[in-house]
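Q: Contents of my_file14.cif (mmCIF, C-alpha atoms):
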data_model
loop_
_atom_site.label_atom_id
_atom_site.label_comp_id
_atom_site.auth_asym_id
_atom_site.auth_seq_id
_atom_site.Cartn_x
_atom_site.Cartn_y
_atom_site.Cartn_z
CA MET E 1 -60.30 44.81 26.60
CA GLY E 2 -57.13 43.05 25.45
CA ILE E 3 -54.02 44.88 24.39
CA GLY E 4 -54.74 43.92 20.77
CA HIS E 5 -57.83 46.17 20.82
CA LEU E 6 -55.88 49.20 22.05
CA SER E 7 -54.87 51.97 19.70
CA LEU E 8 -51.37 51.99 18.25
CA ARG E 9 -50.58 55.03 20.40
CA ALA E 10 -51.67 53.21 23.55
CA ARG E 11 -49.73 50.09 22.61
CA LEU E 12 -46.54 52.09 22.00
CA ALA E 13 -46.89 53.86 25.35
CA ALA E 14 -47.56 50.57 27.13
CA LEU E 15 -44.54 48.97 25.44
CA ALA E 16 -42.29 51.83 26.54
CA ALA E 17 -43.60 51.60 30.11
CA ALA E 18 -43.08 47.84 30.14
CA GLY E 19 -39.52 48.32 28.91
CA SER E 20 -38.81 50.78 31.72
CA VAL E 21 -40.17 48.27 34.23
CA VAL E 22 -37.78 45.62 32.89
CA VAL E 23 -34.82 48.03 33.05
CA LEU E 24 -35.69 49.04 36.62
CA SER E 25 -36.13 45.40 37.65
CA VAL E 26 -32.55 44.73 36.54
CA ALA E 27 -30.93 48.03 37.54
CA ALA E 28 -32.46 48.46 41.00
CA PRO E 29 -31.05 45.22 42.51
CA LEU E 30 -27.65 45.93 40.94
CA LEU E 31 -27.64 49.46 42.37
CA TYR E 32 -28.65 48.17 45.79
CA ARG E 33 -25.97 45.48 45.73
CA ASP E 34 -23.22 47.84 44.58
CA LEU E 35 -24.04 50.60 47.06
CA SER E 36 -24.49 48.16 49.92
CA GLY E 37 -21.23 46.42 49.04
CA ALA E 38 -19.32 49.71 48.81
CA LEU E 39 -20.56 50.89 52.23
CA SER E 40 -19.88 47.49 53.78
CA ASP E 41 -16.35 47.48 52.37
CA ALA E 42 -15.78 50.97 53.78
CA ILE E 43 -16.68 49.75 57.27
CA THR E 44 -14.41 46.73 56.93
CA ASN E 45 -11.55 48.88 55.64
CA GLU E 46 -11.83 51.18 58.65
CA LEU E 47 -11.62 48.22 61.01
CA GLU E 48 -8.60 46.89 59.14
CA ILE E 49 -6.88 50.25 59.55
CA ARG E 50 -7.50 50.20 63.30
CA VAL E 51 -6.08 46.68 63.62
CA ASP E 52 -3.08 47.72 61.51
CA ASP E 53 -2.55 50.58 63.97
CA LEU E 54 -2.53 48.07 66.82
CA ASP E 55 -0.05 45.91 64.95
CA ALA E 56 2.17 48.95 64.52
CA GLY E 57 1.99 49.75 68.23
CA LEU E 58 -0.19 52.83 67.77
CA ASN E 59 -3.02 53.92 70.05
CA ASP E 60 -5.83 51.53 70.85
CA GLY E 61 -9.19 51.97 72.56
CA PRO E 62 -12.20 53.86 71.20
CA VAL E 63 -11.69 56.47 68.51
CA VAL E 64 -14.17 58.33 66.35
CA SER E 65 -13.80 57.73 62.62
CA GLY E 66 -16.22 59.87 60.66
CA SER E 67 -19.48 59.50 62.55
CA ALA E 68 -18.82 55.97 63.87
CA LEU E 69 -17.17 54.94 67.11
CA VAL E 70 -14.46 52.32 66.56
CA THR E 71 -13.31 50.28 69.53
CA ALA E 72 -9.94 48.47 69.32
CA GLN E 73 -8.29 45.95 71.66
CA VAL E 74 -5.21 43.80 72.00
CA ILE E 75 -6.13 40.40 73.42
CA ASP E 76 -3.99 37.55 74.68
CA ALA E 77 -5.03 34.57 72.56
CA THR E 78 -4.10 32.06 75.29
CA SER E 79 -5.75 33.55 78.37
CA GLY E 80 -8.36 35.72 76.69
CA GLU E 81 -7.20 38.69 78.76
CA VAL E 82 -7.43 42.15 77.21
CA LEU E 83 -3.89 43.50 77.28
CA SER E 84 -4.82 46.96 76.03
CA PRO E 85 -6.80 48.78 77.16
CA ALA E 86 -6.31 46.69 80.26
CA GLY E 87 -9.43 45.59 82.13
CA SER E 88 -11.81 46.01 79.18
CA GLU E 89 -14.42 43.44 78.34
CA PRO E 90 -13.14 41.36 75.38
CA LEU E 91 -14.70 42.01 72.01
CA LEU E 92 -14.28 38.34 71.08
CA THR E 93 -15.76 35.17 72.49
CA ALA E 94 -13.45 32.25 73.27
CA SER E 95 -14.22 30.46 70.00
CA GLU E 96 -13.81 33.66 68.00
CA LEU E 97 -10.50 34.37 69.74
CA THR E 98 -9.24 30.91 68.82
CA ARG E 99 -10.07 31.48 65.17
CA ALA E 100 -8.62 35.00 65.18
CA SER E 101 -5.33 33.71 66.53
CA ARG E 102 -4.90 31.81 63.26
CA GLU E 103 -6.61 33.91 60.58
CA LEU E 104 -8.56 37.02 59.76
CA VAL E 105 -12.06 36.94 61.24
CA ILE E 106 -14.97 39.25 60.36
CA ILE E 107 -18.19 38.83 62.33
CA ASN E 108 -21.49 40.70 62.29
CA ARG E 109 -23.25 40.43 65.66
CA PRO E 110 -24.33 42.52 68.68
CA VAL E 111 -21.41 43.97 70.64
CA SER E 112 -21.69 45.29 74.17
CA GLY E 113 -21.21 49.03 74.27
CA ILE E 114 -21.75 49.38 70.49
CA GLY E 115 -25.20 47.99 69.82
CA ASN E 116 -27.17 45.17 68.24
CA GLN E 117 -25.83 45.98 64.79
CA ALA E 118 -22.05 45.78 64.86
CA ARG E 119 -19.08 44.31 63.03
CA VAL E 120 -15.96 42.86 64.61
CA LEU E 121 -12.69 42.32 62.74
CA ALA E 122 -9.79 40.47 64.35
CA ARG E 123 -6.48 38.88 63.31
CA PRO E 124 -3.13 37.91 64.76
CA ILE E 125 -0.74 40.79 65.46
CA GLY E 126 2.88 40.76 66.54
CA ASP E 127 3.55 44.00 68.39
CA PHE E 128 2.74 42.51 71.81
CA GLY E 129 4.57 39.27 71.14
CA ALA E 130 3.40 35.90 69.87
CA GLY E 131 -0.14 34.79 70.62
CA THR E 132 -1.79 38.21 70.58
CA VAL E 133 -4.83 39.23 68.60
CA GLY E 134 -5.89 42.69 67.49
CA ALA E 135 -9.62 43.30 67.35
CA ALA E 136 -11.70 46.28 66.27
CA ALA E 137 -15.45 46.78 66.29
CA THR E 138 -17.88 49.44 65.11
CA SER E 139 -21.60 49.91 64.48
CA THR E 140 -23.12 48.92 61.14
CA GLN E 141 -26.21 51.08 61.65
CA PRO E 142 -25.03 53.61 59.00
CA LEU E 143 -25.04 50.76 56.49
CA THR E 144 -28.55 49.71 57.52
CA ARG E 145 -29.85 53.28 57.33
CA ALA E 146 -28.30 53.78 53.88
CA ARG E 147 -29.90 50.56 52.65
CA ASP E 148 -33.31 51.60 54.01
CA ARG E 149 -33.04 55.04 52.40
CA LEU E 150 -32.10 53.50 49.05
CA VAL E 151 -35.07 51.11 49.19
CA GLY E 152 -37.36 54.03 50.00
CA ILE E 153 -36.01 56.04 47.08
CA LEU E 154 -36.43 53.11 44.68
CA VAL E 155 -39.99 52.45 45.89
CA VAL E 156 -40.95 56.07 45.23
CA ALA E 157 -38.82 56.79 42.17
CA GLY E 158 -39.54 53.52 40.36
CA PRO E 159 -43.29 54.02 39.74
CA THR E 160 -42.71 57.73 39.12
CA LEU E 161 -40.17 56.95 36.40
CA VAL E 162 -42.46 54.37 34.79
CA ALA E 163 -45.33 56.89 34.76
CA ALA E 164 -43.04 59.55 33.26
CA VAL E 165 -41.92 57.15 30.53
CA TRP E 166 -45.54 56.22 29.76
CA ILE E 167 -46.64 59.86 29.52
CA SER E 168 -43.63 60.76 27.36
CA ALA E 169 -44.19 57.82 25.04
CA TRP E 170 -47.91 58.66 24.79
CA ALA E 171 -47.09 62.27 23.85
CA LEU E 172 -44.36 61.32 21.36
CA ALA E 173 -46.51 58.65 19.72
CA GLY E 174 -49.36 61.14 19.40
CA ALA E 175 -47.09 63.71 17.79
CA ALA E 176 -45.64 61.12 15.39
CA LEU E 177 -49.06 59.75 14.36
CA ARG E 178 -50.82 63.11 14.06
CA PRO E 179 -49.82 63.61 10.36
CA VAL E 180 -51.19 60.17 9.54
CA GLY E 181 -54.50 61.09 11.13
CA ARG E 182 -54.68 64.30 9.10
CA MET E 183 -53.99 62.37 5.90
CA ALA E 184 -56.67 59.82 6.74
CA ARG E 185 -59.29 62.50 7.45
CA GLU E 186 -58.45 64.38 4.27
CA ALA E 187 -58.49 61.20 2.18
CA ALA E 188 -61.97 60.38 3.49
CA THR E 189 -63.32 63.62 1.97
CA ILE E 190 -61.85 63.11 -1.49
CA SER E 191 -64.33 62.11 -4.19
CA ALA E 192 -64.42 61.85 -7.96
CA ALA E 193 -65.82 65.37 -8.10
CA ALA E 194 -62.63 66.74 -6.56
CA ALA E 195 -60.14 65.63 -9.15
CA GLY E 196 -56.54 66.41 -8.34
CA ARG E 197 -57.19 66.91 -4.63
CA ARG E 198 -54.62 65.22 -2.44
CA PRO E 199 -54.13 64.68 1.29
CA PRO E 200 -51.43 66.87 2.87
CA GLU E 201 -48.08 65.08 2.75
CA PRO E 202 -45.91 65.51 5.87
CA ALA E 203 -42.85 67.65 5.17
CA SER E 204 -40.63 65.54 7.41
CA GLY E 205 -39.63 63.19 4.59
CA ASP E 206 -39.35 60.26 7.04
CA GLU E 207 -41.28 57.01 7.41
CA ILE E 208 -44.46 58.90 8.33
CA ALA E 209 -44.39 60.67 4.95
CA GLU E 210 -44.14 57.37 3.02
CA PRO E 211 -47.87 56.47 3.40
CA GLY E 212 -48.75 59.93 2.05
CA ARG E 213 -46.64 59.43 -1.06
CA THR E 214 -48.11 55.94 -1.54
CA LEU E 215 -51.66 57.30 -1.17
CA ASP E 216 -50.99 60.09 -3.69
CA ALA E 217 -49.67 57.57 -6.20
CA MET E 218 -52.71 55.35 -5.68
CA LEU E 219 -55.11 58.27 -6.22
CA ASP E 220 -53.22 59.22 -9.39
CA ARG E 221 -53.68 55.70 -10.73
CA MET E 222 -57.36 55.71 -9.81
CA GLU E 223 -57.97 59.03 -11.52
CA SER E 224 -56.17 57.82 -14.65
CA ALA E 225 -58.30 54.65 -14.69
CA ILE E 226 -61.52 56.66 -14.26
CA ALA E 227 -60.48 59.03 -17.07
CA ARG E 228 -59.84 56.14 -19.42
CA GLN E 229 -63.20 54.58 -18.62
CA ARG E 230 -64.96 57.87 -19.34
#
Could you spell out this file's structure in structure tokens?

A:
Amino acid sequence: MGIGHLSLRARLAALAAAGSVVVLSVAAPLLYRDLSGALSDAITNELEIRVDDLDAGLNDGPVVSGSALVTAQVIDATSGEVLSPAGSEPLLTASELTRASRELVIINRPVSGIGNQARVLARPIGDFGAGTVGAAATSTQPLTRARDRLVGILVVAGPTLVAAVWISAWALAGAALRPVGRMAREAATISAAAAGRRPPEPASGDEIAEPGRTLDAMLDRMESAIARQR
């Protein structure tokens, strides 16, 4: 059965549900992008703070920020040796160190001691003299978990919201059309023997009441015509 054969009530409910699907299709990706971007920026900002601490000559090495472990190093850009904490395995490869000696570098890749999901931020610093690079790394697993949770929420909440909109629209359309149905049933029982009988006009005074007023006027005209013919 095509949508054209559905009742007006069903068509209105289907239209409302379709509209909610369109809104969700636009809003869900935007929400995912904004939340993911905000969390990603927070991780990057924390790494920038750690590198700024290195540049200011403050403590280096691993520190806990929130629930994430942040590892920071000062690396000699020429030799690749970790100056502080001395003897540590470098966070940067040779090619990454070369780039970081000239500009800010942000890399997402596995890092030994942190895990397969990690982010490294590095840039030139001046506290240890020319040719030194400050690097900081931390896990991006909190970002991945937050993204997964958001996707799960959207998968569950999306269909639930659409169903709620459909049910609400069905109920509202039924309530709005109920006076029209009463008028139609009453009009079907009116005959010439019941002169002056009229369908109940809705007291709302809105668009639903307009068909009732039109029907009353039509019946008045019909009764007048019948009276003249008699």

Q: Applied to this file, what does the PyMOL selection byres ((chain E and resi 101) around 10) return in terms of residues, put as a PDB file with C-alpha atoms, in the frame of the given file?

A:
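Result file is part18.pdb:
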ATOM      1  CA  ILE E  75      -6.130  40.400  73.420  1.00  0.00           C
ATOM      2  CA  ASP E  76      -3.990  37.550  74.680  1.00  0.00           C
ATOM      3  CA  ALA E  77      -5.030  34.570  72.560  1.00  0.00           C
ATOM      4  CA  THR E  78      -4.100  32.060  75.290  1.00  0.00           C
ATOM      5  CA  GLU E  96     -13.810  33.660  68.000  1.00  0.00           C
ATOM      6  CA  LEU E  97     -10.500  34.370  69.740  1.00  0.00           C
ATOM      7  CA  THR E  98      -9.240  30.910  68.820  1.00  0.00           C
ATOM      8  CA  ARG E  99     -10.070  31.480  65.170  1.00  0.00           C
ATOM      9  CA  ALA E 100      -8.620  35.000  65.180  1.00  0.00           C
ATOM     10  CA  ARG E 102      -4.900  31.810  63.260  1.00  0.00           C
ATOM     11  CA  GLU E 103      -6.610  33.910  60.580  1.00  0.00           C
ATOM     12  CA  LEU E 104      -8.560  37.020  59.760  1.00  0.00           C
ATOM     13  CA  VAL E 105     -12.060  36.940  61.240  1.00  0.00           C
ATOM     14  CA  ALA E 122      -9.790  40.470  64.350  1.00  0.00           C
ATOM     15  CA  ARG E 123      -6.480  38.880  63.310  1.00  0.00           C
ATOM     16  CA  PRO E 124      -3.130  37.910  64.760  1.00  0.00           C
ATOM     17  CA  ILE E 125      -0.740  40.790  65.460  1.00  0.00           C
ATOM     18  CA  ALA E 130       3.400  35.900  69.870  1.00  0.00           C
ATOM     19  CA  GLY E 131      -0.140  34.790  70.620  1.00  0.00           C
ATOM     20  CA  THR E 132      -1.790  38.210  70.580  1.00  0.00           C
ATOM     21  CA  VAL E 133      -4.830  39.230  68.600  1.00  0.00           C
ATOM     22  CA  GLY E 134      -5.890  42.690  67.490  1.00  0.00           C
TER      23      GLY E 134
END

Q: Could you please determine the separation between atom CA of Leu143 of chain E and atom CA of Thr71 of chain E in Å, to one decimal place?

A: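 Computed distance, atom CA of Leu143 of chain E to atom CA of Thr71 of chain E, equals 17.5 Å.
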
Q: Write out as a ChimeraX atom specification the residues lying within 10 Å of Leu161 of chain E, counting all atoms listed in the file and excluding same-chain residues fewer than 5 positions away.

A: /E:17,20-21,24,154,156,166-167

Q: Enumerate, as a short mmCIF file (atom, residue, chain, number, x, y, z; two decimals) with C-alpha atoms, keeping the file's coordinate frame, the residues matched when the PyMOL selection byres ((chain E and resi 150) around 12) is run on the file above.

A:
data_model
loop_
_atom_site.label_atom_id
_atom_site.label_comp_id
_atom_site.auth_asym_id
_atom_site.auth_seq_id
_atom_site.Cartn_x
_atom_site.Cartn_y
_atom_site.Cartn_z
CA ALA E 28 -32.46 48.46 41.00
CA PRO E 29 -31.05 45.22 42.51
CA LEU E 30 -27.65 45.93 40.94
CA LEU E 31 -27.64 49.46 42.37
CA TYR E 32 -28.65 48.17 45.79
CA ARG E 33 -25.97 45.48 45.73
CA ASP E 34 -23.22 47.84 44.58
CA LEU E 35 -24.04 50.60 47.06
CA SER E 36 -24.49 48.16 49.92
CA LEU E 143 -25.04 50.76 56.49
CA THR E 144 -28.55 49.71 57.52
CA ARG E 145 -29.85 53.28 57.33
CA ALA E 146 -28.30 53.78 53.88
CA ARG E 147 -29.90 50.56 52.65
CA ASP E 148 -33.31 51.60 54.01
CA ARG E 149 -33.04 55.04 52.40
CA VAL E 151 -35.07 51.11 49.19
CA GLY E 152 -37.36 54.03 50.00
CA ILE E 153 -36.01 56.04 47.08
CA LEU E 154 -36.43 53.11 44.68
CA VAL E 155 -39.99 52.45 45.89
CA VAL E 156 -40.95 56.07 45.23
CA ALA E 157 -38.82 56.79 42.17
CA GLY E 158 -39.54 53.52 40.36
#

Q: Could you tell me how far atom CA of Asn45 of chain E sits from atom CA of Ser95 of chain E, in Å to one decimal place?

A: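 Going from atom CA of Ser95 of chain E over to atom CA of Asn45 of chain E covers 23.5 Å.
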
Q: Please define a box with edges along x, y and z of the file around all atoms of segment 9-15 of chain E given in the file, extend it by 5 Å on each side, and return its centre and edge lengths in Å to one decimal, as lines of an AutoDock Vina configuration file.

A:
center_x = -48.1
center_y = 52.0
center_z = 23.8
size_x = 17.1
size_y = 16.1
size_z = 16.7
